[in-house]
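Below is one structure, written out as structure tokens; comments come after it.
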Amino acid sequence: VFGCKDINPKAKGGADELKSNGIEVIEGVLEKECQKLNEVFFTNITKRRPFIVIKSAATLDGKVATHTGSSKWITSEKSREEVQKLRNRYDAIITSGKTVLKDNPSLTCRMEGGRNPIKVIVDKNLELTPDLKVFEGEEKVIVACDINSDMIKADEFSENVEFIPCPIKFGHIDLEYLIKKLYEQKICSILCESGGTFAGALLQTGMVDKVYQFIAPKILGDKKATGFIEGYTFSDINDCTKVKIESIKRFGEDILLEMYAC
């Protein structure tokens, strides 16, 4: 009895082999649930890249920070506890150098028995400094920078910090190139926690598979406030990016939308 077939070509044929030897095989038991449990693996096999997720905490009107940058805390403590479970689940966490400089986060998993993800920071101009919290500890940190950067500054960082020089595309780090390099390092899943501009750039690559959006019962109503996704320009509402809502959960006063790319 099994739930869903293994789509890895190297592993196909097990059920057929059993059947040919007179063994009864029941397949497709809770198939949808099994596919979801294996969504990272299936994406790795079919798309040859990491499974990529964006996590956001926003107000009802989709804002992640005020126009002054104030964002702590939009969502409840229960929502933030759930975020720690997400950090424990995925191989790496990616954000922008701008976010690290503004918030000085640790990007660690603060749950009992949890594991810290590999930290990936996109810092085009190498503006980060070794004294930031993200570089504390012995966990691996990857910094993606401009391929033309002066790498002398890299000598200031500890041995657990790896630099990946990347080509520039439309004035920014080529995220497709970076993600390919991360996959070559056997990073199979990536959680994005960043501001709206970087999250929007990642979404525009077409490689985002899933979105977790925590929504707090708050309204900013400020057009200068930061949105959870930014950088798009649409004239027609029908051209907007579409997602499929998989589930809706409650965490205290907040709700969590779990969505997949269409």
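Starting from 1 in every chain, residues are counted up; chains themselves are A, B, ... following the order of the structure tokens, and ligands are numbered from 1 as listed.
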Where does segment 222-246 of chain A meet segment 190-197 of chain A within 12 Å, residue by residue, with the nearest atom pair and distance in Å to one decimal for each, counting only C-alpha atoms, listed by chain and rising number, as CSV?
```
residue,atom,partner,partner_atom,distance
A:Ala225,CA,A:Gly196,CA,10.4
A:Thr226,CA,A:Gly196,CA,6.6
A:Gly227,CA,A:Gly196,CA,5.6
A:Phe228,CA,A:Gly196,CA,4.4
A:Ile229,CA,A:Gly196,CA,4.2
A:Glu230,CA,A:Thr197,CA,4.9
A:Gly231,CA,A:Thr197,CA,5.9
A:Tyr232,CA,A:Thr197,CA,9.3
```
Can you write just those residues out, N, CA, C and O atoms, as a PDB file, in the first residue's frame?
```pdb
ATOM      1  N   ALA A 225       3.358  53.508   2.989  1.00  0.00           N
ATOM      2  CA  ALA A 225       3.816  52.351   3.749  1.00  0.00           C
ATOM      3  C   ALA A 225       4.287  51.256   2.792  1.00  0.00           C
ATOM      4  O   ALA A 225       3.908  51.228   1.618  1.00  0.00           O
ATOM      5  N   THR A 226       5.095  50.342   3.287  1.00  0.00           N
ATOM      6  CA  THR A 226       5.676  49.288   2.454  1.00  0.00           C
ATOM      7  C   THR A 226       4.708  48.133   2.268  1.00  0.00           C
ATOM      8  O   THR A 226       4.185  47.599   3.245  1.00  0.00           O
ATOM      9  N   GLY A 227       4.500  47.725   1.024  1.00  0.00           N
ATOM     10  CA  GLY A 227       3.647  46.580   0.733  1.00  0.00           C
ATOM     11  C   GLY A 227       4.438  45.285   0.808  1.00  0.00           C
ATOM     12  O   GLY A 227       5.657  45.273   0.693  1.00  0.00           O
ATOM     13  N   PHE A 228       3.733  44.163   0.979  1.00  0.00           N
ATOM     14  CA  PHE A 228       4.449  42.896   1.146  1.00  0.00           C
ATOM     15  C   PHE A 228       5.037  42.411  -0.175  1.00  0.00           C
ATOM     16  O   PHE A 228       5.989  41.639  -0.204  1.00  0.00           O
ATOM     17  N   ILE A 229       4.502  42.895  -1.301  1.00  0.00           N
ATOM     18  CA  ILE A 229       5.084  42.649  -2.621  1.00  0.00           C
ATOM     19  C   ILE A 229       5.096  43.981  -3.358  1.00  0.00           C
ATOM     20  O   ILE A 229       4.065  44.639  -3.473  1.00  0.00           O
ATOM     21  N   GLU A 230       6.264  44.378  -3.880  1.00  0.00           N
ATOM     22  CA  GLU A 230       6.362  45.632  -4.611  1.00  0.00           C
ATOM     23  C   GLU A 230       7.220  45.442  -5.862  1.00  0.00           C
ATOM     24  O   GLU A 230       7.933  44.447  -5.999  1.00  0.00           O
ATOM     25  N   GLY A 231       7.118  46.405  -6.785  1.00  0.00           N
ATOM     26  CA  GLY A 231       7.949  46.361  -7.979  1.00  0.00           C
ATOM     27  C   GLY A 231       7.201  46.010  -9.255  1.00  0.00           C
ATOM     28  O   GLY A 231       7.786  45.970 -10.334  1.00  0.00           O
ATOM     29  N   TYR A 232       5.920  45.755  -9.145  1.00  0.00           N
ATOM     30  CA  TYR A 232       5.108  45.440 -10.323  1.00  0.00           C
ATOM     31  C   TYR A 232       4.422  46.695 -10.842  1.00  0.00           C
ATOM     32  O   TYR A 232       4.132  47.631 -10.088  1.00  0.00           O
TER      33      TYR A 232
END
```
Which of segment 24-113 of chain A fall in alpha helix (DSSP H), as a PyMOL selection string: chain A and resi 31-37+39-47+77-89+97-103
Run DSSP on the backbone and give me the residues of segment 35-258 of chain A it puts in strand (DSSP E), as a CSV table (one decimal) with N, CA, C and O atoms, in the first residue's frame.
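Everything below was put into part_39.csv:
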```csv
chain,number,residue,atom,x,y,z
A,51,PHE,N,12.8,24.3,-3.9
A,51,PHE,CA,11.4,24.7,-3.6
A,51,PHE,C,11.4,26.1,-2.9
A,51,PHE,O,12.1,26.2,-1.9
A,52,ILE,N,10.8,27.1,-3.4
A,52,ILE,CA,10.9,28.5,-2.9
A,52,ILE,C,9.6,29.0,-2.4
A,52,ILE,O,8.6,28.9,-3.0
A,53,VAL,N,9.7,29.5,-1.2
A,53,VAL,CA,8.6,30.0,-0.4
A,53,VAL,C,8.8,31.5,0.0
A,53,VAL,O,9.9,31.8,0.4
A,54,ILE,N,7.7,32.3,-0.1
A,54,ILE,CA,7.8,33.6,0.5
A,54,ILE,C,6.9,33.7,1.7
A,54,ILE,O,5.8,33.2,1.7
A,55,LYS,N,7.5,34.2,2.8
A,55,LYS,CA,6.7,34.4,4.1
A,55,LYS,C,6.5,35.9,4.3
A,55,LYS,O,7.4,36.7,4.2
A,56,SER,N,5.3,36.3,4.6
A,56,SER,CA,5.0,37.7,4.9
A,56,SER,C,4.1,37.8,6.1
A,56,SER,O,3.2,37.0,6.3
A,57,ALA,N,4.3,38.9,6.8
A,57,ALA,CA,3.4,39.3,7.9
A,57,ALA,C,2.9,40.7,7.6
A,57,ALA,O,3.7,41.7,7.5
A,58,ALA,N,1.6,40.8,7.3
A,58,ALA,CA,1.0,42.1,6.8
A,58,ALA,C,-0.3,42.5,7.5
A,58,ALA,O,-0.9,41.7,8.1
A,63,LYS,N,0.2,45.8,4.1
A,63,LYS,CA,1.5,46.6,4.4
A,63,LYS,C,2.3,45.8,5.5
A,63,LYS,O,1.8,45.2,6.4
A,64,VAL,N,3.6,45.8,5.3
A,64,VAL,CA,4.5,45.1,6.2
A,64,VAL,C,5.3,46.1,7.1
A,64,VAL,O,6.0,45.6,8.0
A,65,ALA,N,5.2,47.4,6.8
A,65,ALA,CA,5.9,48.4,7.7
A,65,ALA,C,5.3,49.7,7.4
A,65,ALA,O,4.8,50.0,6.3
A,92,ALA,N,17.1,26.7,3.8
A,92,ALA,CA,17.8,28.1,3.8
A,92,ALA,C,16.8,29.2,4.0
A,92,ALA,O,15.6,29.0,3.6
A,93,ILE,N,17.2,30.3,4.5
A,93,ILE,CA,16.4,31.5,4.6
A,93,ILE,C,17.1,32.6,3.8
A,93,ILE,O,18.3,32.8,4.0
A,94,ILE,N,16.4,33.3,2.9
A,94,ILE,CA,17.0,34.3,2.1
A,94,ILE,C,16.4,35.7,2.4
A,94,ILE,O,15.2,35.8,2.6
A,95,THR,N,17.2,36.7,2.3
A,95,THR,CA,16.7,38.0,2.5
A,95,THR,C,17.7,39.0,1.8
A,95,THR,O,18.7,38.6,1.3
A,96,SER,N,17.4,40.3,1.9
A,96,SER,CA,18.2,41.3,1.2
A,96,SER,C,19.2,41.9,2.2
A,96,SER,O,18.9,41.9,3.4
A,118,ILE,N,20.4,27.6,6.7
A,118,ILE,CA,21.5,28.3,6.1
A,118,ILE,C,21.0,29.8,5.8
A,118,ILE,O,19.9,29.9,5.3
A,119,LYS,N,21.8,30.8,6.1
A,119,LYS,CA,21.4,32.1,5.8
A,119,LYS,C,21.9,32.6,4.5
A,119,LYS,O,23.1,32.5,4.3
A,120,VAL,N,21.1,33.1,3.7
A,120,VAL,CA,21.5,33.7,2.4
A,120,VAL,C,21.1,35.1,2.3
A,120,VAL,O,19.9,35.5,2.4
A,121,ILE,N,22.1,36.0,2.1
A,121,ILE,CA,21.9,37.4,2.1
A,121,ILE,C,22.3,38.0,0.7
A,121,ILE,O,23.5,37.8,0.3
A,122,VAL,N,21.4,38.7,0.0
A,122,VAL,CA,21.7,39.3,-1.2
A,122,VAL,C,22.2,40.7,-1.0
A,122,VAL,O,21.4,41.6,-0.6
A,141,VAL,N,26.7,31.0,6.5
A,141,VAL,CA,26.1,32.2,5.9
A,141,VAL,C,26.6,32.4,4.5
A,141,VAL,O,27.8,32.3,4.3
A,142,ILE,N,25.7,32.6,3.5
A,142,ILE,CA,26.1,32.8,2.1
A,142,ILE,C,25.7,34.3,1.8
A,142,ILE,O,24.6,34.7,2.0
A,143,VAL,N,26.7,35.0,1.3
A,143,VAL,CA,26.4,36.4,0.8
A,143,VAL,C,26.6,36.4,-0.7
A,143,VAL,O,27.7,36.1,-1.2
A,144,ALA,N,25.5,36.8,-1.4
A,144,ALA,CA,25.6,37.0,-2.8
A,144,ALA,C,25.9,38.4,-3.2
A,144,ALA,O,25.2,39.4,-2.7
A,145,CYS,N,26.9,38.7,-4.0
A,145,CYS,CA,27.3,40.0,-4.3
A,145,CYS,C,27.6,40.2,-5.8
A,145,CYS,O,27.6,39.2,-6.5
A,146,ASP,N,27.8,41.4,-6.2
A,146,ASP,CA,28.1,41.7,-7.6
A,146,ASP,C,29.4,41.0,-8.0
A,146,ASP,O,30.4,41.0,-7.2
A,161,VAL,N,31.4,32.1,6.5
A,161,VAL,CA,30.7,33.0,5.6
A,161,VAL,C,31.3,32.8,4.2
A,161,VAL,O,32.5,32.9,4.0
A,162,GLU,N,30.4,32.4,3.3
A,162,GLU,CA,30.8,32.1,1.9
A,162,GLU,C,30.2,33.2,1.0
A,162,GLU,O,29.1,33.6,1.1
A,163,PHE,N,31.0,33.7,0.1
A,163,PHE,CA,30.6,34.7,-0.9
A,163,PHE,C,30.4,34.1,-2.3
A,163,PHE,O,31.3,33.3,-2.7
A,164,ILE,N,29.2,34.4,-2.9
A,164,ILE,CA,29.0,33.9,-4.2
A,164,ILE,C,28.9,35.2,-5.1
A,164,ILE,O,27.8,35.9,-5.1
A,165,PRO,N,29.9,35.5,-5.9
A,165,PRO,CA,29.8,36.6,-6.9
A,165,PRO,C,28.8,36.2,-8.0
A,165,PRO,O,28.9,35.1,-8.6
A,166,CYS,N,27.9,37.1,-8.3
A,166,CYS,CA,26.8,36.9,-9.2
A,166,CYS,C,26.8,37.9,-10.3
A,166,CYS,O,27.1,39.1,-10.1
A,168,ILE,N,25.0,40.6,-12.9
A,168,ILE,CA,24.0,41.6,-12.6
A,168,ILE,C,23.0,41.6,-13.8
A,168,ILE,O,23.4,41.5,-15.0
A,169,LYS,N,21.7,41.6,-13.5
A,169,LYS,CA,20.6,41.6,-14.5
A,169,LYS,C,19.7,42.7,-14.2
A,169,LYS,O,19.1,42.8,-13.1
A,172,HIS,N,20.4,44.5,-10.9
A,172,HIS,CA,20.3,43.8,-9.6
A,172,HIS,C,21.0,42.4,-9.7
A,172,HIS,O,21.2,42.0,-10.8
A,173,ILE,N,21.2,41.8,-8.6
A,173,ILE,CA,21.8,40.5,-8.6
A,173,ILE,C,20.8,39.6,-9.4
A,173,ILE,O,19.6,39.6,-9.3
A,189,SER,N,15.4,23.7,-0.4
A,189,SER,CA,14.2,24.5,-0.1
A,189,SER,C,14.7,25.8,0.5
A,189,SER,O,15.7,25.9,1.2
A,190,ILE,N,14.0,26.9,0.1
A,190,ILE,CA,14.4,28.3,0.5
A,190,ILE,C,13.2,29.0,1.0
A,190,ILE,O,12.1,29.1,0.3
A,191,LEU,N,13.3,29.6,2.2
A,191,LEU,CA,12.2,30.5,2.7
A,191,LEU,C,12.7,31.9,2.6
A,191,LEU,O,13.8,32.3,3.1
A,192,CYS,N,11.9,32.8,2.0
A,192,CYS,CA,12.2,34.2,1.8
A,192,CYS,C,11.5,35.0,2.9
A,192,CYS,O,10.3,34.9,3.0
A,210,LYS,N,5.3,28.9,-3.4
A,210,LYS,CA,4.4,28.9,-2.3
A,210,LYS,C,4.5,30.2,-1.6
A,210,LYS,O,5.6,30.8,-1.5
A,211,VAL,N,3.4,30.7,-1.0
A,211,VAL,CA,3.4,31.9,-0.2
A,211,VAL,C,2.6,31.7,1.1
A,211,VAL,O,1.5,31.2,1.1
A,212,TYR,N,3.3,32.0,2.2
A,212,TYR,CA,2.6,32.0,3.5
A,212,TYR,C,2.4,33.5,3.9
A,212,TYR,O,3.4,34.2,4.1
A,213,GLN,N,1.1,33.9,4.0
A,213,GLN,CA,0.9,35.3,4.4
A,213,GLN,C,0.1,35.3,5.7
A,213,GLN,O,-1.1,35.0,5.7
A,214,PHE,N,0.8,35.8,6.7
A,214,PHE,CA,0.1,36.1,8.0
A,214,PHE,C,-0.6,37.5,7.9
A,214,PHE,O,0.1,38.4,7.5
A,215,ILE,N,-1.8,37.5,8.2
A,215,ILE,CA,-2.6,38.8,8.1
A,215,ILE,C,-3.1,39.2,9.5
A,215,ILE,O,-3.9,38.4,10.1
A,226,THR,N,5.1,50.3,3.3
A,226,THR,CA,5.7,49.3,2.5
A,226,THR,C,4.7,48.1,2.3
A,226,THR,O,4.2,47.6,3.2
A,227,GLY,N,4.5,47.7,1.0
A,227,GLY,CA,3.6,46.6,0.7
A,227,GLY,C,4.4,45.3,0.8
A,227,GLY,O,5.7,45.3,0.7
A,243,VAL,N,-2.7,33.4,-7.5
A,243,VAL,CA,-2.3,32.3,-6.6
A,243,VAL,C,-3.5,31.5,-6.2
A,243,VAL,O,-4.6,32.0,-6.4
A,244,LYS,N,-3.3,30.3,-5.7
A,244,LYS,CA,-4.4,29.4,-5.3
A,244,LYS,C,-4.3,29.3,-3.8
A,244,LYS,O,-3.3,28.8,-3.3
A,245,ILE,N,-5.4,29.6,-3.1
A,245,ILE,CA,-5.4,29.5,-1.7
A,245,ILE,C,-5.6,28.0,-1.3
A,245,ILE,O,-6.6,27.5,-1.6
A,246,GLU,N,-4.6,27.5,-0.6
A,246,GLU,CA,-4.7,26.1,-0.2
A,246,GLU,C,-5.4,25.9,1.2
A,246,GLU,O,-6.2,25.0,1.3
A,247,SER,N,-5.1,26.8,2.1
A,247,SER,CA,-5.7,26.7,3.4
A,247,SER,C,-5.7,28.0,4.1
A,247,SER,O,-5.0,28.9,3.8
A,248,ILE,N,-6.6,28.1,5.1
A,248,ILE,CA,-6.7,29.3,5.9
A,248,ILE,C,-6.8,28.9,7.4
A,248,ILE,O,-7.6,28.0,7.8
A,249,LYS,N,-5.8,29.4,8.2
A,249,LYS,CA,-5.7,29.0,9.6
A,249,LYS,C,-5.7,30.2,10.5
A,249,LYS,O,-5.4,31.3,10.0
A,250,ARG,N,-6.1,30.0,11.7
A,250,ARG,CA,-6.1,31.0,12.7
A,250,ARG,C,-4.9,30.9,13.7
A,250,ARG,O,-4.6,29.8,14.2
A,251,PHE,N,-4.2,32.0,14.0
A,251,PHE,CA,-3.2,32.0,15.0
A,251,PHE,C,-3.5,33.2,15.9
A,251,PHE,O,-3.1,34.3,15.5
A,254,ASP,N,-4.8,36.6,14.4
A,254,ASP,CA,-4.3,36.6,13.0
A,254,ASP,C,-4.9,35.4,12.2
A,254,ASP,O,-5.3,34.4,12.7
A,255,ILE,N,-4.8,35.6,10.8
A,255,ILE,CA,-5.1,34.4,10.0
A,255,ILE,C,-3.8,34.2,9.1
A,255,ILE,O,-3.0,35.1,8.9
A,256,LEU,N,-3.7,32.9,8.7
A,256,LEU,CA,-2.6,32.6,7.8
A,256,LEU,C,-3.1,32.0,6.5
A,256,LEU,O,-3.9,31.0,6.5
A,257,LEU,N,-2.8,32.6,5.4
A,257,LEU,CA,-3.2,32.1,4.1
A,257,LEU,C,-2.0,31.3,3.5
A,257,LEU,O,-0.9,31.8,3.4
A,258,GLU,N,-2.2,30.1,3.2
A,258,GLU,CA,-1.2,29.2,2.6
A,258,GLU,C,-1.6,29.1,1.1
A,258,GLU,O,-2.6,28.6,0.8
```
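Interatomic distance, atom CA of Asn148 of chain A against atom CA of Ile179 of chain A: 18.8 Å.
The residue set within 10 Å of Glu39 of chain A, counting only C-alpha atoms and dropping same-chain residues fewer than 4 places from it, reads Glu33, Cys34, Gln35, Thr43, Asn44, Ile45, Phe51, Ser189 and Asp209 of chain A.
Using only C-alpha atoms for every distance, the candidate list A:Gly171, A:Pro50, A:Gly3, A:Gly28 yields A:Pro50 as the residue closest to Met207 of chain A.
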Which residue of A:Thr233, A:Lys223, A:Lys102, A:Phe41 approaches Ser70 of chain A most closely, using only C-alpha atoms: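 Of the candidates, the smallest distance to Ser70 of chain A is held by A:Lys102.
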Between atom CA of Leu60 of chain A and atom CA of Ala199 of chain A, distance in Å (one decimal):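 Interatomic distance here is 18.1 Å.
Between atom CA of Cys262 of chain A and atom CA of Ala11 of chain A the interatomic distance comes to 27.9 Å.
Proximity to Trp73 of chain A was assessed for A:Lys218, A:Phe170, A:Tyr260, A:Arg115 counting only C-alpha atoms; the smallest distance is recorded for A:Lys218.
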